[in-house]
Amino acid sequence: MKHSLLVLSGGMDSVTMLYEYAAEIGLAVNFSYGSNHNARERDCARLHCRKLGIELVEIDLDFMNRYFESSLLQGAEAIPEGNYDDDNMKSTVVPFRNGIMLSIAAGLAESRGLDTVMIASHGGDHAIYPDCRSGFVKAMAEAVRLGTYAGIAILAPYTGITKGEIACHGRDLGIDYSTTYSCYKGGEKHCGKCGTCVERHEALEYAGIKLDD
């Protein structure tokens with residue numbers, strides 16, 4: 001039964017979830033909030049939704065780009081290089097981004113008669129992004145349940161696993177990760193040096209997947 005809505009960026013995590021739970025997903029939503037990589041990711045989200053025959057709704061959150069502070073919103077040159085456990089990576093946090101997206105997704109799900117919102121936050125996000133941690137997801141899920149007539153549920157099934165384990169799921173599903181995008185700099189090719197590129201490379205290596213990008 002198609003009863004779920006997926007927050008779909010177009011990166012490898014949410015695209016993996018799109019394929020893994022395709023039988024349950026009736027709608028996907030992609031948010032543009034002014035980050036360097038939004039356009040590249042959106043193209044990937046469109047491609048995979050077309051392939052699977054899943055409707056994609058695109059929502060503009062331009063106010064975040066105008067009023068929020070984050071290196072993700074300040075151009076490629078502002079993006080630090082390094083691993084997610086480095087202090088400089090905190091500059092890539094977009095304040096309460098997932099909270100805003102989940103709130104909108106919950107309203108959209110209830111409007112469409114769906115009962116579940118899915119998000120692909122995972123274990124590797126926890127150290128740097130407070131709105132990816134399990135405590136936040138649980139609290140947000142309770143707020144959404146109480147704040148909707150339908151008692152909309154929030155599910156984050158990757159919360160307890162690593163990006164490498166997600167890549168293994170995708171490998172087994174036959175996903176071509178060259179048709180996903182994750183670089184924070186937003187260039188034509190992955191830079192290979194920003195936090196999300198480093199994590200992506202390590203995850204693909206863990207899963208035994210080789211890409212040219």
# chains A, B, ... in the order shown; residues from 1 in each chain; ligands from 1
$ residues_around --residues "Ser70 (chain A)" --least-positions-apart "6" --cutoff "10 Å" --atoms "only C-alpha atoms" --output "PyMOL selection string"
chain A and resi 35+64+78-79+90-95
$ select_by_dssp --residues "region 9-71 of chain A" --states "helix (DSSP H, G or I)" --output "ChimeraX atom specification"
/A:12-20,38-52,62-67,71
$ residues_around --residues "Val137 (chain A)" --least-positions-apart "6" --cutoff "9 Å" --atoms "only C-alpha atoms" --output "PDB file with N, CA and C atoms, in the first residue's frame"
ATOM      1  N   GLY A  99      13.805  20.035  10.845  1.00  0.00           N
ATOM      2  CA  GLY A  99      12.560  20.355  11.545  1.00  0.00           C
ATOM      3  C   GLY A  99      11.577  21.069  10.635  1.00  0.00           C
ATOM      4  N   ASP A 131      19.616  18.055  14.255  1.00  0.00           N
ATOM      5  CA  ASP A 131      18.283  17.670  13.791  1.00  0.00           C
ATOM      6  C   ASP A 131      18.301  16.385  12.956  1.00  0.00           C
ATOM      7  N   ILE A 154       6.443   9.708  11.765  1.00  0.00           N
ATOM      8  CA  ILE A 154       7.725   9.990  11.135  1.00  0.00           C
ATOM      9  C   ILE A 154       8.625   8.783  11.327  1.00  0.00           C
ATOM     10  N   LEU A 155       9.171   8.289  10.236  1.00  0.00           N
ATOM     11  CA  LEU A 155      10.072   7.147  10.286  1.00  0.00           C
ATOM     12  C   LEU A 155      11.433   7.534   9.725  1.00  0.00           C
ATOM     13  N   ALA A 156      12.479   7.150  10.428  1.00  0.00           N
ATOM     14  CA  ALA A 156      13.855   7.370   9.973  1.00  0.00           C
ATOM     15  C   ALA A 156      14.601   6.049  10.130  1.00  0.00           C
ATOM     16  N   THR A 159      18.461   5.679  10.887  1.00  0.00           N
ATOM     17  CA  THR A 159      19.053   6.417  12.008  1.00  0.00           C
ATOM     18  C   THR A 159      20.148   5.635  12.725  1.00  0.00           C
TER      19      THR A 159
END
$ select_by_dssp --residues "region 16-184 of chain A" --states "strand (DSSP E)" --output "MDAnalysis selection string"
chainID A and resid 25:32 55:60 116:118 153:155
$ write_last_selection --atoms "C-alpha atoms" --output "compact mmCIF listing (two decimals), in the first residue's frame"
# COMPACT_ATOMS: atom_id res chain seq x y z
CA ILE A 25 6.08 5.46 -1.08
CA GLY A 26 3.20 7.27 -2.73
CA LEU A 27 4.83 10.69 -2.91
CA ALA A 28 8.29 12.25 -2.64
CA VAL A 29 9.09 15.87 -1.82
CA ASN A 30 12.25 17.76 -2.69
CA PHE A 31 13.08 21.03 -0.93
CA SER A 32 15.24 23.80 -2.40
CA GLU A 55 5.24 11.55 -8.00
CA LEU A 56 7.69 14.26 -6.95
CA VAL A 57 6.60 17.56 -5.42
CA GLU A 58 9.18 20.37 -5.39
CA ILE A 59 8.95 23.06 -2.72
CA ASP A 60 10.97 26.28 -2.61
CA THR A 116 3.81 8.39 7.24
CA VAL A 117 6.73 10.73 6.52
CA MET A 118 10.13 9.14 5.90
CA ALA A 153 4.10 9.08 11.82
CA ILE A 154 7.73 9.99 11.13
CA LEU A 155 10.07 7.15 10.29
$ closest_residue --among "A:Ser121, A:Asn88, A:Asn65, A:Asn38" --to "Val7 (chain A)" --atoms "only C-alpha atoms"
A:Ser121
$ closest_residue --among "A:Leu47, A:Leu72, A:Val15, A:Ile128" --to "Tyr33 (chain A)" --atoms "only C-alpha atoms"
A:Leu72
$ closest_residue --among "A:Gly151, A:Gly107, A:Gly34, A:Gly53" --to "Leu5 (chain A)" --atoms "only C-alpha atoms"
A:Gly107
$ closest_residue --among "A:Gly75, A:Met140, A:Pro130, A:Arg171" --to "Ser103 (chain A)" --atoms "only C-alpha atoms"
A:Met140
$ closest_residue --among "A:Leu146, A:Ala109, A:Cys49, A:Ile119" --to "His3 (chain A)" --atoms "only C-alpha atoms"
A:Ala109
$ closest_residue --among "A:Arg112, A:Arg145, A:Pro80, A:Leu102" --to "Val198 (chain A)" --atoms "only C-alpha atoms"
A:Pro80
$ atom_distance --atom1 "CA of Gly186 (chain A)" --atom2 "CA of Ser4 (chain A)"
29.2 Å
$ atom_distance --atom1 "CA of Glu110 (chain A)" --atom2 "CA of Gly147 (chain A)"
10.7 Å
$ atom_distance --atom1 "CA of Met12 (chain A)" --atom2 "CA of Ser182 (chain A)"
7.1 Å
